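J.: Compact mmCIF, C-alpha atoms, file work05.txt:
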```txt
# COMPACT_ATOMS: atom_id res chain seq x y z
CA MET A 1 3.48 -65.91 -310.11
CA LEU A 2 4.24 -66.33 -306.42
CA ARG A 3 3.21 -69.66 -304.95
CA LEU A 4 2.28 -69.90 -301.25
CA TYR A 5 2.40 -73.22 -299.43
CA ASP A 6 -0.19 -72.64 -296.78
CA ASN A 7 -2.94 -73.99 -294.55
CA LEU A 8 -6.18 -72.06 -294.22
CA SER A 9 -6.39 -72.57 -290.46
CA SER A 10 -2.92 -71.14 -289.85
CA GLY A 11 -2.50 -67.65 -288.44
CA ASN A 12 1.08 -67.68 -289.69
CA GLY A 13 -0.25 -68.43 -293.19
CA TYR A 14 -2.93 -65.74 -292.77
CA LYS A 15 -0.25 -63.08 -292.16
CA VAL A 16 1.12 -63.77 -295.64
CA ARG A 17 -2.31 -64.02 -297.33
CA LEU A 18 -3.36 -60.74 -295.72
CA MET A 19 -0.20 -58.93 -296.85
CA LEU A 20 -0.45 -60.32 -300.40
CA HIS A 21 -4.05 -59.11 -300.49
CA LYS A 22 -3.19 -55.65 -299.08
CA LEU A 23 -0.38 -55.25 -301.60
CA GLY A 24 -2.51 -56.49 -304.50
CA ILE A 25 -0.04 -59.23 -305.42
CA PRO A 26 -1.59 -62.21 -307.23
CA PHE A 27 -0.51 -65.64 -305.99
CA GLU A 28 -1.24 -69.31 -306.28
CA ARG A 29 -2.08 -71.03 -302.99
CA VAL A 30 -1.21 -74.66 -302.26
CA GLU A 31 -3.17 -76.02 -299.30
CA MET A 32 -0.99 -78.39 -297.26
CA ASP A 33 -2.23 -81.09 -294.90
CA ILE A 34 -0.47 -80.11 -291.68
CA ASP A 35 -2.23 -82.75 -289.57
CA HIS A 36 -0.86 -85.81 -291.37
CA GLY A 37 2.75 -84.95 -292.16
CA GLY A 38 2.14 -83.14 -295.43
CA THR A 39 4.97 -80.70 -294.66
CA ARG A 40 7.41 -83.45 -293.60
CA THR A 41 7.61 -85.30 -296.93
CA PRO A 42 11.00 -85.38 -298.73
CA GLU A 43 9.42 -83.30 -301.50
CA PHE A 44 8.36 -80.52 -299.14
CA LEU A 45 11.51 -80.67 -296.99
CA ALA A 46 13.44 -79.87 -300.18
CA LYS A 47 11.49 -76.59 -300.27
CA ASN A 48 11.71 -75.82 -296.54
CA PRO A 49 14.00 -78.11 -294.49
CA ASN A 50 12.22 -76.95 -291.32
CA GLY A 51 9.01 -78.57 -292.65
CA ARG A 52 6.57 -75.76 -291.95
CA ILE A 53 4.06 -73.57 -293.68
CA PRO A 54 3.85 -70.82 -294.72
CA THR A 55 6.61 -71.15 -297.29
CA LEU A 56 6.69 -68.76 -300.24
CA GLU A 57 8.08 -69.81 -303.61
CA LEU A 58 9.34 -66.89 -305.69
CA GLU A 59 9.13 -66.73 -309.48
CA ASP A 60 12.71 -67.99 -309.82
CA GLY A 61 12.09 -71.05 -307.63
CA THR A 62 13.71 -69.61 -304.49
CA PHE A 63 11.90 -70.39 -301.24
CA VAL A 64 11.43 -68.04 -298.29
CA ALA A 65 10.19 -69.48 -294.99
CA GLU A 66 9.12 -68.07 -291.60
CA SER A 67 5.93 -66.00 -291.76
CA ASN A 68 7.46 -62.79 -290.41
CA ALA A 69 10.45 -62.97 -292.78
CA ILE A 70 8.03 -63.48 -295.68
CA ILE A 71 5.86 -60.47 -294.83
CA TRP A 72 9.00 -58.34 -294.32
CA TYR A 73 10.12 -59.40 -297.81
CA LEU A 74 6.72 -58.61 -299.32
CA ALA A 75 6.27 -55.27 -297.54
CA GLU A 76 9.72 -53.87 -298.39
CA GLY A 77 9.22 -50.56 -300.21
CA SER A 78 5.54 -50.32 -299.22
CA PRO A 79 3.86 -48.15 -296.55
CA TYR A 80 3.51 -51.28 -294.37
CA LEU A 81 7.25 -51.24 -293.54
CA PRO A 82 8.59 -47.91 -292.23
CA ASP A 83 11.80 -46.44 -293.66
CA GLY A 84 13.57 -45.24 -290.52
CA ARG A 85 16.26 -47.36 -288.89
CA LEU A 86 14.72 -47.15 -285.41
CA GLU A 87 11.16 -47.78 -286.60
CA ARG A 88 12.32 -50.83 -288.58
CA ALA A 89 14.02 -52.19 -285.48
CA GLN A 90 10.81 -51.60 -283.53
CA VAL A 91 8.81 -53.49 -286.16
CA LEU A 92 11.25 -56.37 -285.75
CA GLN A 93 11.09 -56.10 -281.95
CA TRP A 94 7.34 -56.71 -282.03
CA MET A 95 7.62 -59.47 -284.62
CA PHE A 96 10.21 -61.32 -282.51
CA PHE A 97 7.99 -60.75 -279.45
CA GLU A 98 5.19 -62.32 -281.48
CA GLN A 99 7.15 -65.46 -282.36
CA TYR A 100 8.77 -65.94 -278.95
CA SER A 101 6.35 -64.67 -276.29
CA HIS A 102 2.96 -64.65 -278.05
CA GLU A 103 2.55 -67.35 -280.72
CA PRO A 104 3.81 -70.39 -278.72
CA ASN A 105 1.36 -69.50 -275.93
CA VAL A 106 -1.63 -67.92 -277.69
CA ALA A 107 -1.62 -69.94 -280.93
CA THR A 108 -0.61 -73.40 -279.75
CA PRO A 109 -3.65 -74.06 -277.50
CA ARG A 110 -5.89 -72.96 -280.40
CA TYR A 111 -4.15 -75.46 -282.64
CA TRP A 112 -4.59 -78.24 -280.09
CA ILE A 113 -8.28 -77.48 -279.71
CA THR A 114 -9.32 -76.72 -283.29
CA HIS A 115 -7.27 -79.55 -284.83
CA HIS A 116 -8.40 -82.03 -282.14
CA VAL A 117 -4.80 -82.83 -281.21
CA GLU A 118 -4.43 -85.59 -278.62
CA MET A 119 -3.88 -84.02 -275.21
CA THR A 120 -0.84 -86.03 -274.14
CA PRO A 121 0.43 -85.71 -270.55
CA GLU A 122 3.13 -83.38 -271.87
CA ARG A 123 0.58 -81.04 -273.49
CA THR A 124 -1.75 -81.19 -270.48
CA MET A 125 1.13 -80.28 -268.19
CA ALA A 126 2.24 -77.43 -270.47
CA LEU A 127 -1.18 -75.82 -270.89
CA PRO A 128 -1.40 -73.80 -267.63
CA GLY A 129 2.04 -72.29 -268.29
CA LYS A 130 1.07 -71.40 -271.84
CA ARG A 131 -2.15 -69.86 -270.57
CA LYS A 132 -0.29 -67.67 -268.07
CA GLN A 133 2.39 -66.62 -270.53
CA GLY A 134 -0.25 -65.97 -273.20
CA TYR A 135 -2.10 -63.59 -270.88
CA ASP A 136 1.25 -62.01 -269.95
CA ALA A 137 1.91 -61.33 -273.66
CA LEU A 138 -1.59 -59.89 -274.09
CA GLY A 139 -0.88 -57.68 -271.06
CA VAL A 140 2.28 -56.33 -272.70
CA MET A 141 0.23 -55.55 -275.82
CA GLU A 142 -2.51 -53.89 -273.73
CA GLY A 143 -0.02 -51.56 -272.08
CA HIS A 144 1.57 -50.59 -275.38
CA LEU A 145 -1.72 -50.07 -277.24
CA GLY A 146 -3.23 -48.02 -274.45
CA GLU A 147 -1.04 -45.13 -275.59
CA ARG A 148 -0.96 -45.45 -279.39
CA PRO A 149 -3.14 -46.61 -282.31
CA PHE A 150 -0.72 -49.16 -283.83
CA PHE A 151 2.41 -50.97 -282.67
CA VAL A 152 4.94 -48.75 -284.46
CA GLY A 153 4.38 -45.18 -285.60
CA GLU A 154 0.96 -43.81 -286.48
CA ARG A 155 -0.07 -46.32 -289.13
CA LEU A 156 -0.59 -50.01 -289.65
CA SER A 157 2.62 -51.96 -290.29
CA ILE A 158 3.59 -55.61 -290.63
CA ALA A 159 4.12 -55.62 -286.85
CA ASP A 160 0.34 -55.20 -286.49
CA VAL A 161 -0.35 -57.86 -289.11
CA ALA A 162 1.98 -60.30 -287.31
CA LEU A 163 0.28 -59.77 -283.94
CA TYR A 164 -3.26 -59.55 -285.32
CA ALA A 165 -3.12 -63.00 -286.90
CA TYR A 166 -3.38 -65.07 -283.71
CA THR A 167 -4.75 -62.41 -281.35
CA HIS A 168 -8.03 -62.02 -283.24
CA VAL A 169 -8.69 -65.77 -282.93
CA ALA A 170 -7.26 -66.18 -279.41
CA HIS A 171 -10.75 -67.02 -278.11
CA GLU A 172 -10.67 -70.19 -280.24
CA GLY A 173 -7.80 -71.28 -277.98
CA GLY A 174 -9.71 -70.51 -274.80
CA PHE A 175 -8.40 -66.98 -274.15
CA ASP A 176 -10.84 -64.40 -272.79
CA LEU A 177 -9.91 -60.95 -274.10
CA SER A 178 -12.63 -59.02 -272.27
CA ALA A 179 -10.12 -57.53 -269.82
CA TYR A 180 -8.02 -56.08 -272.67
CA PRO A 181 -9.95 -53.06 -274.02
CA ALA A 182 -6.99 -51.48 -275.82
CA VAL A 183 -6.26 -54.79 -277.57
CA ASN A 184 -9.90 -55.08 -278.60
CA ALA A 185 -9.96 -51.50 -279.92
CA TRP A 186 -6.76 -52.21 -281.89
CA LEU A 187 -8.22 -55.46 -283.30
CA ALA A 188 -11.18 -53.45 -284.63
CA ARG A 189 -8.81 -50.79 -286.00
CA VAL A 190 -6.73 -53.37 -287.89
CA ALA A 191 -9.81 -55.09 -289.31
CA ALA A 192 -11.16 -51.72 -290.49
CA GLU A 193 -8.03 -50.95 -292.53
CA ALA A 194 -9.00 -51.73 -296.12
CA PRO A 195 -8.18 -53.87 -297.94
CA HIS A 196 -8.75 -56.63 -295.40
CA ILE A 197 -9.63 -60.31 -295.65
CA PRO A 198 -10.72 -62.78 -292.96
CA ILE A 199 -8.51 -65.69 -291.91
CA THR A 200 -10.90 -68.08 -293.68
CA GLN A 201 -10.22 -66.54 -297.11
CA GLY A 202 -7.67 -68.25 -299.34
CA MET B 1 26.93 -43.86 -275.08
CA LEU B 2 24.76 -46.92 -275.64
CA ARG B 3 23.70 -48.76 -272.49
CA LEU B 4 23.06 -52.51 -272.60
CA TYR B 5 20.92 -54.19 -269.95
CA ASP B 6 22.38 -57.66 -270.00
CA ASN B 7 23.33 -60.84 -268.18
CA LEU B 8 26.71 -62.42 -268.83
CA SER B 9 25.30 -65.97 -268.95
CA SER B 10 22.76 -65.08 -271.63
CA GLY B 11 23.33 -66.13 -275.24
CA ASN B 12 20.77 -63.53 -276.29
CA GLY B 13 22.84 -60.89 -274.48
CA TYR B 14 26.02 -62.30 -276.04
CA LYS B 15 24.64 -61.73 -279.55
CA VAL B 16 24.48 -58.00 -278.79
CA ARG B 17 27.87 -57.86 -277.00
CA LEU B 18 29.50 -59.70 -279.90
CA MET B 19 28.00 -57.36 -282.51
CA LEU B 20 28.95 -54.23 -280.51
CA HIS B 21 32.49 -55.60 -280.29
CA LYS B 22 32.65 -56.47 -284.00
CA LEU B 23 31.38 -53.01 -284.95
CA GLY B 24 33.71 -51.26 -282.50
CA ILE B 25 30.86 -49.46 -280.75
CA PRO B 26 31.61 -48.50 -277.13
CA PHE B 27 28.85 -49.25 -274.63
CA GLU B 28 28.06 -49.34 -270.94
CA ARG B 29 26.88 -52.72 -269.66
CA VAL B 30 24.40 -53.10 -266.81
CA GLU B 31 24.42 -56.63 -265.37
CA MET B 32 20.89 -57.64 -264.36
CA ASP B 33 19.95 -60.35 -261.87
CA ILE B 34 17.71 -62.58 -264.00
CA ASP B 35 17.34 -65.26 -261.33
CA HIS B 36 15.61 -63.12 -258.72
CA GLY B 37 13.22 -60.91 -260.67
CA GLY B 38 15.66 -58.13 -261.53
CA THR B 39 13.99 -57.63 -264.91
CA ARG B 40 10.46 -57.66 -263.48
CA THR B 41 10.75 -54.58 -261.25
CA PRO B 42 8.53 -51.57 -262.10
CA GLU B 43 11.71 -49.64 -262.92
CA PHE B 44 12.87 -52.17 -265.50
CA LEU B 45 9.38 -52.84 -266.91
CA ALA B 46 9.27 -49.12 -267.77
CA LYS B 47 12.26 -49.80 -270.03
CA ASN B 48 11.03 -53.10 -271.50
CA PRO B 49 7.43 -54.07 -270.62
CA ASN B 50 8.23 -57.67 -271.58
CA GLY B 51 10.74 -57.79 -268.69
CA ARG B 52 13.69 -59.36 -270.50
CA ILE B 53 17.32 -58.78 -271.26
CA PRO B 54 18.99 -57.86 -273.52
CA THR B 55 17.47 -54.40 -273.76
CA LEU B 56 19.45 -51.62 -275.43
CA GLU B 57 19.10 -47.99 -274.36
CA LEU B 58 19.98 -45.54 -277.13
CA GLU B 59 21.61 -42.15 -276.49
CA ASP B 60 18.21 -40.40 -276.61
CA GLY B 61 16.70 -42.71 -273.98
CA THR B 62 14.79 -44.90 -276.45
CA PHE B 63 14.81 -48.62 -275.67
CA VAL B 64 15.07 -51.46 -278.17
CA ALA B 65 14.33 -55.02 -277.00
CA GLU B 66 14.57 -58.53 -278.51
CA SER B 67 18.13 -59.63 -279.23
CA ASN B 68 17.67 -60.18 -282.95
CA ALA B 69 15.95 -56.81 -283.45
CA ILE B 70 18.83 -55.14 -281.58
CA ILE B 71 21.56 -56.75 -283.69
CA TRP B 72 19.63 -55.89 -286.86
CA TYR B 73 19.52 -52.26 -285.68
CA LEU B 74 23.24 -52.26 -284.89
CA ALA B 75 24.34 -54.01 -288.10
CA GLU B 76 22.33 -51.80 -290.48
CA GLY B 77 24.75 -50.28 -292.99
CA SER B 78 27.57 -52.69 -292.04
CA PRO B 79 28.89 -55.77 -293.89
CA TYR B 80 27.11 -57.95 -291.30
CA LEU B 81 23.70 -57.18 -292.86
CA PRO B 82 23.44 -57.78 -296.63
CA ASP B 83 21.86 -55.13 -298.88
CA GLY B 84 19.73 -57.26 -301.17
CA ARG B 85 16.02 -57.70 -300.54
CA LEU B 86 16.14 -61.50 -300.80
CA GLU B 87 19.28 -61.87 -298.70
CA ARG B 88 17.81 -59.65 -295.99
CA ALA B 89 14.69 -61.82 -295.93
CA GLN B 90 16.91 -64.90 -295.66
CA VAL B 91 18.77 -63.34 -292.71
CA LEU B 92 15.40 -62.78 -291.06
CA GLN B 93 14.25 -66.31 -291.93
CA TRP B 94 17.18 -67.78 -289.98
CA MET B 95 16.76 -65.35 -287.09
CA PHE B 96 13.07 -66.25 -286.75
CA PHE B 97 14.05 -69.94 -287.00
CA GLU B 98 16.49 -69.26 -284.17
CA GLN B 99 13.91 -67.71 -281.87
CA TYR B 100 11.10 -70.18 -282.64
CA SER B 101 12.67 -73.57 -283.40
CA HIS B 102 16.15 -73.34 -281.84
CA GLU B 103 16.38 -71.12 -278.76
CA PRO B 104 13.36 -72.49 -276.80
CA ASN B 105 14.74 -76.01 -277.22
CA VAL B 106 18.54 -75.60 -277.25
CA ALA B 107 18.90 -72.68 -274.82
CA THR B 108 16.22 -73.40 -272.25
CA PRO B 109 17.67 -76.72 -270.95
CA ARG B 110 21.05 -74.97 -270.62
CA TYR B 111 19.39 -72.25 -268.55
CA TRP B 112 17.68 -74.79 -266.30
CA ILE B 113 20.97 -76.64 -265.72
CA THR B 114 23.45 -73.78 -265.39
CA HIS B 115 21.13 -71.59 -263.29
CA HIS B 116 20.08 -74.55 -261.09
CA VAL B 117 16.42 -73.93 -261.84
CA GLU B 118 14.02 -76.19 -259.93
CA MET B 119 12.97 -79.08 -262.17
CA THR B 120 9.21 -78.84 -261.64
CA PRO B 121 6.98 -81.60 -263.05
CA GLU B 122 6.14 -79.25 -265.93
CA ARG B 123 9.82 -78.77 -266.84
CA THR B 124 10.61 -82.47 -266.40
CA MET B 125 7.74 -83.38 -268.70
CA ALA B 126 8.79 -80.78 -271.29
CA LEU B 127 12.47 -81.76 -271.43
CA PRO B 128 12.28 -84.79 -273.81
CA GLY B 129 10.26 -82.77 -276.31
CA LYS B 130 12.73 -79.90 -276.12
CA ARG B 131 15.59 -82.34 -276.59
CA LYS B 132 13.99 -83.82 -279.70
CA GLN B 133 13.08 -80.46 -281.20
CA GLY B 134 16.53 -79.10 -280.35
CA TYR B 135 18.20 -81.93 -282.26
CA ASP B 136 15.71 -81.38 -285.11
CA ALA B 137 16.79 -77.71 -285.29
CA LEU B 138 20.46 -78.72 -285.25
CA GLY B 139 19.66 -81.15 -288.08
CA VAL B 140 18.16 -78.34 -290.17
CA MET B 141 21.33 -76.31 -289.56
CA GLU B 142 23.54 -79.31 -290.46
CA GLY B 143 21.80 -79.76 -293.81
CA HIS B 144 22.06 -76.07 -294.67
CA LEU B 145 25.70 -75.69 -293.59
CA GLY B 146 26.80 -78.83 -295.44
CA GLU B 147 26.55 -76.86 -298.66
CA ARG B 148 27.75 -73.36 -297.71
CA PRO B 149 30.14 -71.59 -295.32
CA PHE B 150 27.65 -69.28 -293.60
CA PHE B 151 23.89 -69.08 -293.29
CA VAL B 152 23.32 -66.38 -295.93
CA GLY B 153 25.65 -65.50 -298.79
CA GLU B 154 29.39 -66.06 -298.63
CA ARG B 155 30.19 -64.11 -295.48
CA LEU B 156 29.33 -63.93 -291.81
CA SER B 157 26.08 -62.06 -291.08
CA ILE B 158 23.91 -61.43 -288.06
CA ALA B 159 22.08 -64.67 -288.93
CA ASP B 160 25.29 -66.53 -287.99
CA VAL B 161 25.72 -64.45 -284.85
CA ALA B 162 22.13 -65.19 -283.79
CA LEU B 163 22.54 -68.95 -284.27
CA TYR B 164 26.10 -69.13 -282.93
CA ALA B 165 25.15 -67.70 -279.53
CA TYR B 166 23.36 -70.75 -278.14
CA THR B 167 24.73 -73.43 -280.50
CA HIS B 168 28.31 -73.02 -279.29
CA VAL B 169 27.23 -73.63 -275.69
CA ALA B 170 24.58 -76.28 -276.47
CA HIS B 171 26.69 -78.91 -274.65
CA GLU B 172 26.11 -76.97 -271.42
CA GLY B 173 22.43 -77.89 -271.88
CA GLY B 174 23.20 -81.55 -272.47
CA PHE B 175 23.29 -81.56 -276.28
CA ASP B 176 25.90 -83.76 -277.99
CA LEU B 177 27.00 -82.12 -281.24
CA SER B 178 29.39 -84.86 -282.35
CA ALA B 179 27.01 -86.05 -285.09
CA TYR B 180 26.87 -82.56 -286.65
CA PRO B 181 30.21 -82.06 -288.46
CA ALA B 182 29.04 -79.18 -290.65
CA VAL B 183 27.71 -77.35 -287.58
CA ASN B 184 31.03 -77.89 -285.80
CA ALA B 185 33.01 -76.63 -288.80
CA TRP B 186 30.77 -73.57 -288.96
CA LEU B 187 31.17 -72.92 -285.21
CA ALA B 188 34.96 -72.88 -285.71
CA ARG B 189 34.56 -70.62 -288.77
CA VAL B 190 32.45 -68.09 -286.84
CA ALA B 191 34.85 -68.07 -283.87
CA ALA B 192 37.79 -67.48 -286.25
CA GLU B 193 36.23 -64.32 -287.71
CA ALA B 194 38.02 -61.45 -285.99
CA PRO B 195 37.15 -59.51 -284.02
CA HIS B 196 35.55 -62.10 -281.76
CA ILE B 197 34.88 -62.31 -278.03
CA PRO B 198 33.82 -65.25 -275.85
CA ILE B 199 30.40 -65.35 -274.19
CA THR B 200 32.07 -64.77 -270.84
CA GLN B 201 33.37 -61.32 -271.86
CA GLY B 202 31.35 -58.30 -270.82
```
Let me see the file written as structure tokens.
T.:
Amino acid sequence: MLRLYDNLSSGNGYKVRLMLHKLGIPFERVEMDIDHGGTRTPEFLAKNPNGRIPTLELEDGTFVAESNAIIWYLAEGSPYLPDGRLERAQVLQWMFFEQYSHEPNVATPRYWITHHVEMTPERTMALPGKRKQGYDALGVMEGHLGERPFFVGERLSIADVALYAYTHVAHEGGFDLSAYPAVNAWLARVAAEAPHIPITQG
Amino acid sequence: MLRLYDNLSSGNGYKVRLMLHKLGIPFERVEMDIDHGGTRTPEFLAKNPNGRIPTLELEDGTFVAESNAIIWYLAEGSPYLPDGRLERAQVLQWMFFEQYSHEPNVATPRYWITHHVEMTPERTMALPGKRKQGYDALGVMEGHLGERPFFVGERLSIADVALYAYTHVAHEGGFDLSAYPAVNAWLARVAAEAPHIPITQG
């Protein structure tokens, strides 16, 4: 059985849980303490030298890290990953946008707030920039979703799952999404696609 | 003919130039002024709403953005992208590592220095953290490359191209790679794989 090293509060972990659930793949979940170095122990670094969850352990003991690489691996051959060369590149385009332009700005303030992380001078100084760039990323999404139902093609793909994970809880990081109607309509559309689970479900 | 919106100083642009060269694909290059808002004009935002280079224009006028998505698109069906499901996920794992853990820390200080960007209080405060996380990323690479010649499998793939782009010029951002012998050996190995071009070649 697949084993997922995870943390329930993590949007990156939620991407994997949601895809496993959608694909009907049973898995064992190992909750990691990400606040007190649980992913930086020698034992865990042997599984993922970058010391992060989610990390997926396959049946043969191989580990796959990076949330978007994991959901690509899981979705291969399913309707959640298109077949065409261009559409696959577009799925990747949005997943790299998510990890570079969206997650560091939209997810990180949520982590600081909900995990009661000490607001050092460095974090305090970085917050306004993250806020601006987070809204910029939401603006890019708003423009794209104003013209189409999902990020790539006419159906839900792992690109939507990747961007849904932290967008639907952006308010927990202090983001106000009221000025983004197309994003809100898309959030409702993704949540309505059965099977679906909330981020709180292990 | 493919058209690449690019900037010669960009490691992200270099990834695409290097892959086009390796694959023998002719292309037209459009040099963009990234220091004075050249990628934030309405004309360019119509091509890539995220306002960044590299952006690739296909023959039919479709645009693909995000360097690692572009090189995946280009390498599909070539020896630079493995066939197996697990190996493809591992290629993606290292490319997402590159964009999340490596590039923001290793490439950004180089950009600030070589483009003479104003060192605002925010950037000054962020620099030590980027330095530490950049060395952490190089340490993860060192551990992985100590046991194998390339990032995935036994041959050069787009995962190597993605990580080579900013690692081989990390010294321009103030990083000292002398304590990373496996990384240095790998850098030499990648540069020795013909055909190869330097980052300065358009």
J.: So, with all atoms listed in the file as the atoms that count, which of B:Gly153, B:Gly13, B:Gly202, B:Pro195 lies closest to B:Ala89?
T.: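 Using all atoms listed in the file, B:Ala89 sits closest to B:Gly153.
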J.: Any idea what the distance is between atom CA of A:Tyr180 and atom CA of A:Thr167?
T.: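 Computed distance, atom CA of A:Tyr180 to atom CA of A:Thr167, equals 11.2 Å.
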J.: Counting all atoms listed in the file, what is within 10 Å of B:Pro49, bar same-chain residues fewer than 2 positions away, as an mmCIF file with C-alpha atoms, in the frame of the given file?
T.:
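Dumped everything to part-v4.cif:
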```cif
data_model
loop_
_atom_site.group_PDB
_atom_site.id
_atom_site.type_symbol
_atom_site.label_atom_id
_atom_site.label_comp_id
_atom_site.auth_asym_id
_atom_site.auth_seq_id
_atom_site.Cartn_x
_atom_site.Cartn_y
_atom_site.Cartn_z
ATOM 1 C CA ALA A 137 1.910 -61.330 -273.660
ATOM 2 C CA GLY A 139 -0.880 -57.680 -271.060
ATOM 3 C CA VAL A 140 2.280 -56.330 -272.700
ATOM 4 C CA MET A 141 0.230 -55.550 -275.820
ATOM 5 C CA GLY A 143 -0.020 -51.560 -272.080
ATOM 6 C CA HIS A 144 1.570 -50.590 -275.380
ATOM 7 C CA THR B 39 13.990 -57.630 -264.910
ATOM 8 C CA ARG B 40 10.460 -57.660 -263.480
ATOM 9 C CA THR B 41 10.750 -54.580 -261.250
ATOM 10 C CA PRO B 42 8.530 -51.570 -262.100
ATOM 11 C CA GLU B 43 11.710 -49.640 -262.920
ATOM 12 C CA PHE B 44 12.870 -52.170 -265.500
ATOM 13 C CA LEU B 45 9.380 -52.840 -266.910
ATOM 14 C CA ALA B 46 9.270 -49.120 -267.770
ATOM 15 C CA LYS B 47 12.260 -49.800 -270.030
ATOM 16 C CA GLY B 51 10.740 -57.790 -268.690
ATOM 17 C CA ARG B 52 13.690 -59.360 -270.500
ATOM 18 C CA ALA B 65 14.330 -55.020 -277.000
#
```
J.: Kindly determine which residues of chain B lie within 10 Å of chain A, considering only C-alpha atoms, and give the answer as a VMD selection string.
T.: chain B and resid 45 48 to 51 58 62 to 74 76 to 77 85 to 101 103 to 104 121 to 129 136 to 137 139 to 141 143 to 144
J.: Which one of B:Pro54, B:Gly134, B:Gly37, B:Pro181 sits closest to B:Pro109 if you count all atoms listed in the file?
T.: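 Of B:Pro54, B:Gly134, B:Gly37, B:Pro181, the one nearest B:Pro109, counting all atoms listed in the file, is B:Gly134.
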J.: Using all atoms listed in the file, pick whichever of A:Leu177, A:Ile53, A:Val183, A:Ile113 has the shortest atom-to-atom distance to A:Leu145.
T.: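 Closest to A:Leu145, using all atoms listed in the file: A:Val183.
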J.: Leaving out B:Asn12 and any residue of its chain fewer than 2 positions from it, which residues lie within 8 Å of it when counting all atoms listed in the file, given as a PyMOL selection string?
T.: chain B and resi 10+14-16+53-54+67+162+165-166
J.: I need the residues from that last selection saved to file as a short mmCIF file (atom, residue, chain, number, x, y, z; two decimals), in the coordinates of the input (with C-alpha atoms), if you can.
T.:
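Heads up, here's the output in again-v2.cif:
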```cif
data_model
loop_
_atom_site.label_atom_id
_atom_site.label_comp_id
_atom_site.auth_asym_id
_atom_site.auth_seq_id
_atom_site.Cartn_x
_atom_site.Cartn_y
_atom_site.Cartn_z
CA SER B 10 22.76 -65.08 -271.63
CA TYR B 14 26.02 -62.30 -276.04
CA LYS B 15 24.64 -61.73 -279.55
CA VAL B 16 24.48 -58.00 -278.79
CA ILE B 53 17.32 -58.78 -271.26
CA PRO B 54 18.99 -57.86 -273.52
CA SER B 67 18.13 -59.63 -279.23
CA ALA B 162 22.13 -65.19 -283.79
CA ALA B 165 25.15 -67.70 -279.53
CA TYR B 166 23.36 -70.75 -278.14
#
```
J.: Restricting the calculation to all atoms listed in the file, which member of A:Gly24, A:Gly38, A:Pro149, A:Gly173 is positioned closest to A:Tyr135?
T.: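 Closest to A:Tyr135, using all atoms listed in the file: A:Gly173.
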J.: Which residue out of A:Phe175, A:Leu156, A:Glu57, A:Glu142 has the minimum interatomic distance to A:Val106 when all atoms listed in the file are used?
T.: A:Phe175
J.: What's the separation between atom CA of A:Ser157 and atom CA of A:Ala75, in Å to one decimal place?
T.: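 The value is 8.8 Å.
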J.: When distances are computed from only C-alpha atoms, which of A:Leu2, A:Leu138, A:Leu23, A:Ile34 shows the smallest separation from A:Val117?
T.: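 Between A:Leu2, A:Leu138, A:Leu23, A:Ile34, the residue approaching A:Val117 most closely is A:Ile34.
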J.: Tell me, in Å to one decimal, how far atom CA of B:Met32 is from atom CA of B:Leu4.
T.: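 Interatomic distance, atom CA of B:Met32 to atom CA of B:Leu4: 9.9 Å.
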